[in-house]
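A.B. asks: So here's protein-v1.txt, just compact mmCIF, N, CA, C and O atoms:
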# COMPACT_ATOMS: atom_id res chain seq x y z
N MET A 444 -41.71 33.44 51.69
CA MET A 444 -40.89 32.43 52.29
C MET A 444 -41.67 31.80 53.42
O MET A 444 -42.27 32.49 54.23
N LEU A 445 -41.69 30.49 53.46
CA LEU A 445 -42.36 29.74 54.52
C LEU A 445 -41.36 28.79 55.15
O LEU A 445 -40.66 28.06 54.45
N TRP A 446 -41.27 28.81 56.49
CA TRP A 446 -40.44 27.87 57.21
C TRP A 446 -41.31 27.09 58.16
O TRP A 446 -42.23 27.62 58.78
N ARG A 447 -41.04 25.79 58.28
CA ARG A 447 -41.63 24.96 59.31
C ARG A 447 -40.75 23.73 59.49
O ARG A 447 -39.93 23.41 58.64
N HIS A 448 -40.94 23.06 60.61
CA HIS A 448 -40.19 21.83 60.85
C HIS A 448 -40.49 20.83 59.73
O HIS A 448 -41.66 20.69 59.34
N PRO A 449 -39.49 20.13 59.21
CA PRO A 449 -39.74 19.14 58.16
C PRO A 449 -40.78 18.11 58.61
O PRO A 449 -40.71 17.58 59.71
N GLY A 450 -41.78 17.90 57.77
CA GLY A 450 -42.82 16.92 58.05
C GLY A 450 -43.90 17.39 59.01
O GLY A 450 -44.79 16.64 59.34
N ALA A 451 -43.82 18.64 59.49
CA ALA A 451 -44.82 19.16 60.44
C ALA A 451 -45.56 20.34 59.82
O ALA A 451 -45.01 21.06 58.99
N ARG A 452 -46.79 20.50 60.23
CA ARG A 452 -47.59 21.62 59.75
C ARG A 452 -47.35 22.88 60.59
O ARG A 452 -47.42 24.00 60.09
N TRP A 453 -47.10 22.70 61.88
CA TRP A 453 -46.89 23.81 62.81
C TRP A 453 -45.64 23.56 63.62
O TRP A 453 -45.33 22.42 63.88
N PRO A 454 -44.92 24.51 64.11
CA PRO A 454 -45.13 25.94 63.90
C PRO A 454 -44.67 26.36 62.51
O PRO A 454 -43.90 25.66 61.86
N GLN A 455 -45.14 27.53 62.10
CA GLN A 455 -44.75 28.11 60.82
C GLN A 455 -44.22 29.52 61.03
O GLN A 455 -44.65 30.22 61.94
N PHE A 456 -43.32 29.91 60.17
CA PHE A 456 -42.83 31.28 60.13
C PHE A 456 -42.87 31.71 58.67
O PHE A 456 -42.28 31.04 57.82
N VAL A 457 -43.59 32.78 58.38
CA VAL A 457 -43.79 33.21 57.00
C VAL A 457 -43.36 34.66 56.83
O VAL A 457 -43.70 35.51 57.64
N ILE A 458 -42.61 34.91 55.78
CA ILE A 458 -42.29 36.28 55.36
C ILE A 458 -42.83 36.41 53.94
O ILE A 458 -42.49 35.63 53.07
N ASN A 459 -43.68 37.41 53.74
CA ASN A 459 -44.33 37.56 52.45
C ASN A 459 -44.74 39.01 52.25
O ASN A 459 -44.86 39.76 53.22
N ARG A 460 -44.99 39.41 51.04
CA ARG A 460 -45.56 40.71 50.76
C ARG A 460 -47.01 40.69 51.21
O ARG A 460 -47.68 39.65 51.13
N PRO A 461 -47.55 41.84 51.65
CA PRO A 461 -48.96 41.88 52.03
C PRO A 461 -49.85 41.39 50.88
O PRO A 461 -49.64 41.75 49.72
N LEU A 462 -50.84 40.58 51.22
CA LEU A 462 -51.71 39.98 50.22
C LEU A 462 -52.54 41.01 49.47
O LEU A 462 -52.93 40.79 48.33
N ASN A 463 -52.81 42.17 50.11
CA ASN A 463 -53.64 43.17 49.46
C ASN A 463 -52.85 44.13 48.56
O ASN A 463 -53.41 45.03 47.97
N GLY A 464 -51.53 43.96 48.46
CA GLY A 464 -50.71 44.79 47.59
C GLY A 464 -50.36 46.15 48.17
O GLY A 464 -49.58 46.90 47.57
N ALA A 465 -50.93 46.50 49.32
CA ALA A 465 -50.61 47.78 49.96
C ALA A 465 -49.25 47.69 50.66
O ALA A 465 -48.75 46.60 50.90
N PRO A 466 -48.66 48.84 50.98
CA PRO A 466 -47.36 48.82 51.66
C PRO A 466 -47.45 48.11 53.02
O PRO A 466 -48.49 48.17 53.68
N PRO A 467 -46.37 47.44 53.44
CA PRO A 467 -46.38 46.79 54.75
C PRO A 467 -46.40 47.81 55.87
O PRO A 467 -45.94 48.94 55.71
N GLY A 468 -46.97 47.43 56.98
CA GLY A 468 -47.04 48.29 58.15
C GLY A 468 -47.39 47.45 59.36
O GLY A 468 -47.45 46.22 59.29
N THR A 469 -47.68 48.11 60.48
CA THR A 469 -47.99 47.40 61.72
C THR A 469 -49.06 46.35 61.53
O THR A 469 -48.96 45.24 62.02
N ALA A 470 -50.13 46.69 60.81
CA ALA A 470 -51.24 45.76 60.65
C ALA A 470 -51.33 45.19 59.25
O ALA A 470 -52.29 44.55 58.89
N ASN A 471 -50.32 45.41 58.45
CA ASN A 471 -50.36 44.89 57.08
C ASN A 471 -48.99 44.33 56.74
O ASN A 471 -48.04 45.08 56.52
N GLY A 472 -48.91 43.01 56.71
CA GLY A 472 -47.63 42.37 56.39
C GLY A 472 -47.00 41.67 57.56
O GLY A 472 -46.04 40.93 57.40
N SER A 473 -47.55 41.89 58.76
CA SER A 473 -47.06 41.16 59.92
C SER A 473 -48.26 40.67 60.72
O SER A 473 -49.32 41.29 60.71
N GLN A 474 -48.08 39.55 61.37
CA GLN A 474 -49.18 38.95 62.13
C GLN A 474 -48.61 37.99 63.16
O GLN A 474 -47.65 37.27 62.88
N VAL A 475 -49.19 37.98 64.33
CA VAL A 475 -48.86 37.00 65.34
C VAL A 475 -50.05 36.05 65.43
O VAL A 475 -51.19 36.49 65.60
N SER A 476 -49.78 34.75 65.28
CA SER A 476 -50.85 33.75 65.30
C SER A 476 -50.72 32.85 66.52
O SER A 476 -49.61 32.48 66.91
N PHE A 477 -51.86 32.52 67.08
CA PHE A 477 -51.92 31.65 68.24
C PHE A 477 -52.69 30.39 67.88
O PHE A 477 -53.83 30.47 67.42
N LEU A 478 -52.09 29.22 68.06
CA LEU A 478 -52.73 27.95 67.77
C LEU A 478 -53.64 27.59 68.95
O LEU A 478 -53.17 27.47 70.08
N ALA A 479 -54.93 27.43 68.68
CA ALA A 479 -55.91 27.13 69.72
C ALA A 479 -56.23 25.64 69.74
O ALA A 479 -56.09 24.96 68.73
N THR A 480 -56.68 25.16 70.88
CA THR A 480 -56.97 23.74 71.05
C THR A 480 -58.32 23.33 70.47
O THR A 480 -58.59 22.15 70.32
N SER A 481 -59.18 24.31 70.15
CA SER A 481 -60.51 24.01 69.62
C SER A 481 -61.09 25.24 68.94
O SER A 481 -60.58 26.35 69.12
N ARG A 482 -62.16 25.03 68.21
CA ARG A 482 -62.87 26.17 67.61
C ARG A 482 -63.45 27.07 68.69
O ARG A 482 -63.47 28.29 68.55
N GLU A 483 -63.91 26.45 69.77
CA GLU A 483 -64.45 27.22 70.88
C GLU A 483 -63.39 28.12 71.50
O GLU A 483 -63.68 29.25 71.90
N ALA A 484 -62.15 27.64 71.55
CA ALA A 484 -61.05 28.46 72.08
C ALA A 484 -60.77 29.64 71.15
O ALA A 484 -60.47 30.74 71.62
N VAL A 485 -60.87 29.43 69.84
CA VAL A 485 -60.72 30.54 68.88
C VAL A 485 -61.80 31.57 69.16
O VAL A 485 -61.53 32.78 69.27
N ASP A 486 -63.05 31.12 69.28
CA ASP A 486 -64.17 32.02 69.53
C ASP A 486 -63.95 32.82 70.81
O ASP A 486 -64.15 34.04 70.84
N ALA A 487 -63.52 32.14 71.87
CA ALA A 487 -63.33 32.79 73.17
C ALA A 487 -62.19 33.81 73.11
O ALA A 487 -62.31 34.91 73.66
N ALA A 488 -61.10 33.47 72.46
CA ALA A 488 -59.97 34.40 72.36
C ALA A 488 -60.37 35.65 71.57
O ALA A 488 -60.05 36.77 71.97
N TRP A 489 -61.08 35.45 70.46
CA TRP A 489 -61.52 36.58 69.65
C TRP A 489 -62.50 37.47 70.43
O TRP A 489 -62.37 38.69 70.43
N LYS A 490 -63.46 36.85 71.12
CA LYS A 490 -64.42 37.63 71.92
C LYS A 490 -63.71 38.42 73.01
O LYS A 490 -64.05 39.57 73.29
N SER A 491 -62.71 37.80 73.65
CA SER A 491 -61.94 38.50 74.68
C SER A 491 -61.18 39.69 74.09
O SER A 491 -61.16 40.78 74.66
N ALA A 492 -60.58 39.47 72.93
CA ALA A 492 -59.87 40.57 72.27
C ALA A 492 -60.83 41.72 71.96
O ALA A 492 -60.50 42.89 72.19
N MET A 493 -62.00 41.39 71.43
CA MET A 493 -62.99 42.42 71.11
C MET A 493 -63.40 43.19 72.37
O MET A 493 -63.53 44.41 72.35
N ALA A 494 -63.57 42.47 73.48
CA ALA A 494 -63.97 43.10 74.74
C ALA A 494 -62.90 44.00 75.32
O ALA A 494 -63.19 44.86 76.15
N HIS A 495 -61.64 43.80 74.87
CA HIS A 495 -60.52 44.58 75.39
C HIS A 495 -59.99 45.60 74.38
O HIS A 495 -58.83 46.01 74.45
N GLY A 496 -60.83 46.01 73.44
CA GLY A 496 -60.47 47.12 72.55
C GLY A 496 -59.89 46.75 71.21
O GLY A 496 -59.44 47.64 70.47
N ALA A 497 -59.88 45.48 70.84
CA ALA A 497 -59.38 45.10 69.52
C ALA A 497 -60.40 45.47 68.45
O ALA A 497 -61.58 45.67 68.74
N MET A 498 -59.94 45.54 67.20
CA MET A 498 -60.82 45.81 66.07
C MET A 498 -60.95 44.54 65.23
O MET A 498 -59.96 43.90 64.90
N ASP A 499 -62.17 44.20 64.89
CA ASP A 499 -62.45 43.01 64.09
C ASP A 499 -61.93 43.17 62.67
O ASP A 499 -62.24 44.14 62.00
N VAL A 500 -61.13 42.20 62.22
CA VAL A 500 -60.73 42.15 60.81
C VAL A 500 -60.95 40.75 60.25
O VAL A 500 -60.36 40.38 59.24
N GLY A 501 -61.82 39.97 60.91
CA GLY A 501 -62.15 38.63 60.44
C GLY A 501 -62.75 37.80 61.55
O GLY A 501 -62.02 37.18 62.33
N ALA A 502 -64.07 37.79 61.66
CA ALA A 502 -64.75 37.04 62.71
C ALA A 502 -64.44 35.55 62.59
O ALA A 502 -64.05 35.07 61.52
N PRO A 503 -64.61 34.79 63.68
CA PRO A 503 -64.32 33.36 63.64
C PRO A 503 -65.08 32.64 62.53
O PRO A 503 -66.26 32.89 62.31
N GLY A 504 -64.37 31.75 61.86
CA GLY A 504 -64.99 30.95 60.81
C GLY A 504 -63.96 30.14 60.05
O GLY A 504 -62.75 30.31 60.24
N LEU A 505 -64.45 29.25 59.21
CA LEU A 505 -63.56 28.43 58.37
C LEU A 505 -62.93 29.30 57.30
O LEU A 505 -63.56 30.20 56.75
N ARG A 506 -61.66 29.01 56.99
CA ARG A 506 -60.93 29.70 55.94
C ARG A 506 -60.38 28.65 54.98
O ARG A 506 -59.20 28.31 55.00
N PRO A 507 -61.25 28.06 54.13
CA PRO A 507 -60.81 26.99 53.23
C PRO A 507 -59.76 27.43 52.23
O PRO A 507 -59.08 26.60 51.64
N ARG A 508 -59.57 28.73 52.09
CA ARG A 508 -58.50 29.26 51.22
C ARG A 508 -57.14 28.74 51.68
O ARG A 508 -56.24 28.54 50.89
N TYR A 509 -56.99 28.56 53.00
CA TYR A 509 -55.71 28.10 53.56
C TYR A 509 -55.66 26.59 53.70
O TYR A 509 -54.65 25.97 53.44
N ALA A 510 -56.75 26.00 54.20
CA ALA A 510 -56.87 24.56 54.35
C ALA A 510 -58.33 24.25 54.68
O ALA A 510 -59.03 25.09 55.25
N GLU A 511 -58.77 23.07 54.33
CA GLU A 511 -60.17 22.69 54.53
C GLU A 511 -60.61 22.79 55.99
O GLU A 511 -61.75 23.12 56.29
N ASP A 512 -59.67 22.54 56.92
CA ASP A 512 -59.99 22.53 58.35
C ASP A 512 -59.46 23.75 59.10
O ASP A 512 -59.38 23.75 60.31
N PHE A 513 -59.11 24.82 58.39
CA PHE A 513 -58.50 26.01 58.99
C PHE A 513 -59.59 26.93 59.52
O PHE A 513 -60.28 27.60 58.77
N TYR A 514 -59.77 26.95 60.83
CA TYR A 514 -60.77 27.78 61.51
C TYR A 514 -60.02 28.88 62.23
O TYR A 514 -59.16 28.62 63.06
N ALA A 515 -60.33 30.13 61.91
CA ALA A 515 -59.54 31.23 62.46
C ALA A 515 -60.37 32.48 62.67
O ALA A 515 -61.46 32.62 62.13
N ALA A 516 -59.82 33.39 63.45
CA ALA A 516 -60.37 34.72 63.66
C ALA A 516 -59.21 35.70 63.67
O ALA A 516 -58.10 35.36 64.10
N TYR A 517 -59.46 36.91 63.19
CA TYR A 517 -58.42 37.93 63.08
C TYR A 517 -58.88 39.23 63.73
O TYR A 517 -60.06 39.58 63.67
N CYS A 518 -57.93 39.94 64.32
CA CYS A 518 -58.23 41.25 64.88
C CYS A 518 -56.96 42.10 64.90
O CYS A 518 -55.86 41.59 64.69
N LEU A 519 -57.16 43.38 65.12
CA LEU A 519 -56.04 44.29 65.37
C LEU A 519 -56.10 44.63 66.85
O LEU A 519 -57.15 45.05 67.35
N ASP A 520 -54.99 44.44 67.56
CA ASP A 520 -54.99 44.78 68.97
C ASP A 520 -55.06 46.31 69.12
O ASP A 520 -54.97 47.03 68.12
N PRO A 521 -55.24 46.83 70.34
CA PRO A 521 -55.38 48.28 70.50
C PRO A 521 -54.20 49.10 69.98
O PRO A 521 -54.36 50.29 69.70
N GLU A 522 -53.04 48.48 69.80
CA GLU A 522 -51.88 49.19 69.24
C GLU A 522 -51.75 48.99 67.73
O GLU A 522 -50.82 49.48 67.11
N GLY A 523 -52.68 48.24 67.14
CA GLY A 523 -52.70 48.07 65.70
C GLY A 523 -51.99 46.84 65.16
O GLY A 523 -51.86 46.68 63.95
N HIS A 524 -51.54 45.94 66.04
CA HIS A 524 -50.88 44.71 65.59
C HIS A 524 -51.91 43.67 65.20
O HIS A 524 -52.90 43.47 65.92
N LYS A 525 -51.68 42.98 64.10
CA LYS A 525 -52.63 41.96 63.63
C LYS A 525 -52.41 40.66 64.37
O LYS A 525 -51.29 40.14 64.45
N LEU A 526 -53.51 40.12 64.93
CA LEU A 526 -53.48 38.86 65.65
C LEU A 526 -54.39 37.86 64.96
O LEU A 526 -55.42 38.24 64.39
N CYS A 527 -54.00 36.59 65.01
CA CYS A 527 -54.82 35.51 64.48
C CYS A 527 -54.93 34.43 65.54
O CYS A 527 -53.92 34.07 66.16
N PHE A 528 -56.13 33.93 65.73
CA PHE A 528 -56.37 32.78 66.60
C PHE A 528 -56.83 31.67 65.67
O PHE A 528 -57.80 31.86 64.92
N VAL A 529 -56.15 30.53 65.68
CA VAL A 529 -56.43 29.50 64.69
C VAL A 529 -56.51 28.11 65.32
O VAL A 529 -55.75 27.80 66.24
N HIS A 530 -57.46 27.32 64.83
CA HIS A 530 -57.54 25.91 65.19
C HIS A 530 -57.58 25.11 63.91
O HIS A 530 -58.35 25.41 62.99
N THR A 531 -56.74 24.12 63.83
CA THR A 531 -56.73 23.18 62.71
C THR A 531 -56.22 21.86 63.25
O THR A 531 -55.16 21.81 63.86
N PRO A 532 -57.03 20.79 63.10
CA PRO A 532 -56.62 19.50 63.67
C PRO A 532 -55.30 18.98 63.07
O PRO A 532 -54.93 19.31 61.99
Please rewrite the model in this file as structure tokens.

C.D. replies:
Amino acid sequence: MLWRHPGARWPQFVINRPLNGAPPGTANGSQVSFLATSREAVDAAWKSAMAHGAMDVGAPGLRPRYAEDFYAAYCLDPEGHKLCFVHTP
């Protein structure tokens, strides 16, 4: 299920089964995403998370699977919650 304002790309709220087919859990099936103002902001947020004990689950880069301009980074915070930092014009 995907919800967003009619005619807008963001914000989005998605409920879905985990893409990897494994059971849902803290880091699988839920994610908090932060919309960044630039690719550099994505890089900085991810680097800060790494410096503060997060675990890398997707270094900054383009994710054309989602959209041609979807630049994102993923990590698990120290408590195991999945975070995404994303920039898309």

A.B. asks: List the neighbours of Ala515 of chain A out to 8 Å using only N, CA, C and O atoms; skip same-chain residues closer than 3 positions along the sequence, and give me the result as a list in words.

C.D. replies: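 In the requested form, the answer reads Phe477, Arg482, Val485, Asp486, Gly501, Ala502, Pro503, Gly504, Leu505, Arg506, Asp512, Leu526, Cys527, Phe528, Val529, His530 and Thr531 of chain A.
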
A.B. asks: Going by DSSP on the backbone, which bits of segment 477-526 of chain A are strand (DSSP E)? Write them as a PyMOL selection string, please.

C.D. replies: chain A and resi 477-478+498-505+514-519+525-526

A.B. asks: Store the residues picked out above in a file with N, CA, C and O atoms, as an mmCIF file, in the coordinates of the input.

C.D. replies:
data_model
loop_
_atom_site.group_PDB
_atom_site.id
_atom_site.type_symbol
_atom_site.label_atom_id
_atom_site.label_comp_id
_atom_site.auth_asym_id
_atom_site.auth_seq_id
_atom_site.Cartn_x
_atom_site.Cartn_y
_atom_site.Cartn_z
ATOM 1 N N PHE A 477 -51.860 32.520 67.080
ATOM 2 C CA PHE A 477 -51.920 31.650 68.240
ATOM 3 C C PHE A 477 -52.690 30.390 67.880
ATOM 4 O O PHE A 477 -53.830 30.470 67.420
ATOM 5 N N LEU A 478 -52.090 29.220 68.060
ATOM 6 C CA LEU A 478 -52.730 27.950 67.770
ATOM 7 C C LEU A 478 -53.640 27.590 68.950
ATOM 8 O O LEU A 478 -53.170 27.470 70.080
ATOM 9 N N MET A 498 -59.940 45.540 67.200
ATOM 10 C CA MET A 498 -60.820 45.810 66.070
ATOM 11 C C MET A 498 -60.950 44.540 65.230
ATOM 12 O O MET A 498 -59.960 43.900 64.900
ATOM 13 N N ASP A 499 -62.170 44.200 64.890
ATOM 14 C CA ASP A 499 -62.450 43.010 64.090
ATOM 15 C C ASP A 499 -61.930 43.170 62.670
ATOM 16 O O ASP A 499 -62.240 44.140 62.000
ATOM 17 N N VAL A 500 -61.130 42.200 62.220
ATOM 18 C CA VAL A 500 -60.730 42.150 60.810
ATOM 19 C C VAL A 500 -60.950 40.750 60.250
ATOM 20 O O VAL A 500 -60.360 40.380 59.240
ATOM 21 N N GLY A 501 -61.820 39.970 60.910
ATOM 22 C CA GLY A 501 -62.150 38.630 60.440
ATOM 23 C C GLY A 501 -62.750 37.800 61.550
ATOM 24 O O GLY A 501 -62.020 37.180 62.330
ATOM 25 N N ALA A 502 -64.070 37.790 61.660
ATOM 26 C CA ALA A 502 -64.750 37.040 62.710
ATOM 27 C C ALA A 502 -64.440 35.550 62.590
ATOM 28 O O ALA A 502 -64.050 35.070 61.520
ATOM 29 N N PRO A 503 -64.610 34.790 63.680
ATOM 30 C CA PRO A 503 -64.320 33.360 63.640
ATOM 31 C C PRO A 503 -65.080 32.640 62.530
ATOM 32 O O PRO A 503 -66.260 32.890 62.310
ATOM 33 N N GLY A 504 -64.370 31.750 61.860
ATOM 34 C CA GLY A 504 -64.990 30.950 60.810
ATOM 35 C C GLY A 504 -63.960 30.140 60.050
ATOM 36 O O GLY A 504 -62.750 30.310 60.240
ATOM 37 N N LEU A 505 -64.450 29.250 59.210
ATOM 38 C CA LEU A 505 -63.560 28.430 58.370
ATOM 39 C C LEU A 505 -62.930 29.300 57.300
ATOM 40 O O LEU A 505 -63.560 30.200 56.750
ATOM 41 N N TYR A 514 -59.770 26.950 60.830
ATOM 42 C CA TYR A 514 -60.770 27.780 61.510
ATOM 43 C C TYR A 514 -60.020 28.880 62.230
ATOM 44 O O TYR A 514 -59.160 28.620 63.060
ATOM 45 N N ALA A 515 -60.330 30.130 61.910
ATOM 46 C CA ALA A 515 -59.540 31.230 62.460
ATOM 47 C C ALA A 515 -60.370 32.480 62.670
ATOM 48 O O ALA A 515 -61.460 32.620 62.130
ATOM 49 N N ALA A 516 -59.820 33.390 63.450
ATOM 50 C CA ALA A 516 -60.370 34.720 63.660
ATOM 51 C C ALA A 516 -59.210 35.700 63.670
ATOM 52 O O ALA A 516 -58.100 35.360 64.100
ATOM 53 N N TYR A 517 -59.460 36.910 63.190
ATOM 54 C CA TYR A 517 -58.420 37.930 63.080
ATOM 55 C C TYR A 517 -58.880 39.230 63.730
ATOM 56 O O TYR A 517 -60.060 39.580 63.670
ATOM 57 N N CYS A 518 -57.930 39.940 64.320
ATOM 58 C CA CYS A 518 -58.230 41.250 64.880
ATOM 59 C C CYS A 518 -56.960 42.100 64.900
ATOM 60 O O CYS A 518 -55.860 41.590 64.690
ATOM 61 N N LEU A 519 -57.160 43.380 65.120
ATOM 62 C CA LEU A 519 -56.040 44.290 65.370
ATOM 63 C C LEU A 519 -56.100 44.630 66.850
ATOM 64 O O LEU A 519 -57.150 45.050 67.350
ATOM 65 N N LYS A 525 -51.680 42.980 64.100
ATOM 66 C CA LYS A 525 -52.630 41.960 63.630
ATOM 67 C C LYS A 525 -52.410 40.660 64.370
ATOM 68 O O LYS A 525 -51.290 40.140 64.450
ATOM 69 N N LEU A 526 -53.510 40.120 64.930
ATOM 70 C CA LEU A 526 -53.480 38.860 65.650
ATOM 71 C C LEU A 526 -54.390 37.860 64.960
ATOM 72 O O LEU A 526 -55.420 38.240 64.390
#

A.B. asks: Between atom O of Trp446 of chain A and atom C of Ser476 of chain A, what is the distance in Å, rounded to a tenth?

C.D. replies: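 Atom-to-atom, atom O of Trp446 of chain A and atom C of Ser476 of chain A are spaced 12.6 Å apart.
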
A.B. asks: Within segment 470-519 of chain A, find each residue whose DSSP state, derived from the backbone, is alpha helix (DSSP H), and express the selection as a count of residues only.

C.D. replies: 13

A.B. asks: Looking at A:Leu478, A:Val500, A:Asn459, A:Ala451, which one is nearest to Tyr514 of chain A, with distances taken over all atoms listed in the file?

C.D. replies: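 Closest to Tyr514 of chain A, using all atoms listed in the file: A:Leu478.
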
A.B. asks: Pick the closest to His495 of chain A from A:Pro507, A:Gly450, A:Gly468, A:Pro521: which is it, counting all atoms listed in the file?

C.D. replies: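 Result for the nearest residue to His495 of chain A: A:Pro521.
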
A.B. asks: Skipping near chain neighbours, those fewer than 5 positions away, what residues fall within 7 Å of Asn471 of chain A using all atoms listed in the file, listed as a PDB file with N, CA, C and O atoms, keeping the file's coordinate frame?

C.D. replies:
ATOM      1  N   ARG A 460     -44.990  39.410  51.040  1.00  0.00           N
ATOM      2  CA  ARG A 460     -45.560  40.710  50.760  1.00  0.00           C
ATOM      3  C   ARG A 460     -47.010  40.690  51.210  1.00  0.00           C
ATOM      4  O   ARG A 460     -47.680  39.650  51.130  1.00  0.00           O
ATOM      5  N   PRO A 461     -47.550  41.840  51.650  1.00  0.00           N
ATOM      6  CA  PRO A 461     -48.960  41.880  52.030  1.00  0.00           C
ATOM      7  C   PRO A 461     -49.850  41.390  50.880  1.00  0.00           C
ATOM      8  O   PRO A 461     -49.640  41.750  49.720  1.00  0.00           O
ATOM      9  N   LEU A 462     -50.840  40.580  51.220  1.00  0.00           N
ATOM     10  CA  LEU A 462     -51.710  39.980  50.220  1.00  0.00           C
ATOM     11  C   LEU A 462     -52.540  41.010  49.470  1.00  0.00           C
ATOM     12  O   LEU A 462     -52.930  40.790  48.330  1.00  0.00           O
ATOM     13  N   ALA A 465     -50.930  46.500  49.320  1.00  0.00           N
ATOM     14  CA  ALA A 465     -50.610  47.780  49.960  1.00  0.00           C
ATOM     15  C   ALA A 465     -49.250  47.690  50.660  1.00  0.00           C
ATOM     16  O   ALA A 465     -48.750  46.600  50.900  1.00  0.00           O
ATOM     17  N   PRO A 466     -48.660  48.840  50.980  1.00  0.00           N
ATOM     18  CA  PRO A 466     -47.360  48.820  51.660  1.00  0.00           C
ATOM     19  C   PRO A 466     -47.450  48.110  53.020  1.00  0.00           C
ATOM     20  O   PRO A 466     -48.490  48.170  53.680  1.00  0.00           O
ATOM     21  N   GLY A 523     -52.680  48.240  67.140  1.00  0.00           N
ATOM     22  CA  GLY A 523     -52.700  48.070  65.700  1.00  0.00           C
ATOM     23  C   GLY A 523     -51.990  46.840  65.160  1.00  0.00           C
ATOM     24  O   GLY A 523     -51.860  46.680  63.950  1.00  0.00           O
ATOM     25  N   LYS A 525     -51.680  42.980  64.100  1.00  0.00           N
ATOM     26  CA  LYS A 525     -52.630  41.960  63.630  1.00  0.00           C
ATOM     27  C   LYS A 525     -52.410  40.660  64.370  1.00  0.00           C
ATOM     28  O   LYS A 525     -51.290  40.140  64.450  1.00  0.00           O
TER      29      LYS A 525
END

A.B. asks: Which is closer to Glu522 of chain A than all the others in A:Glu483, A:Asp499, A:Arg508, A:Thr469, using only C-alpha atoms?

C.D. replies: A:Thr469

A.B. asks: What's the separation between atom CA of Lys490 of chain A and atom CA of His524 of chain A, in Å to one decimal place?

C.D. replies: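 Between atom CA of Lys490 of chain A and atom CA of His524 of chain A the gap is 16.5 Å.
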
A.B. asks: Separation of atom CA of Ser491 of chain A and atom CA of Tyr517 of chain A, in Å?

C.D. replies: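 Separating atom CA of Ser491 of chain A from atom CA of Tyr517 of chain A is a distance of 12.1 Å.
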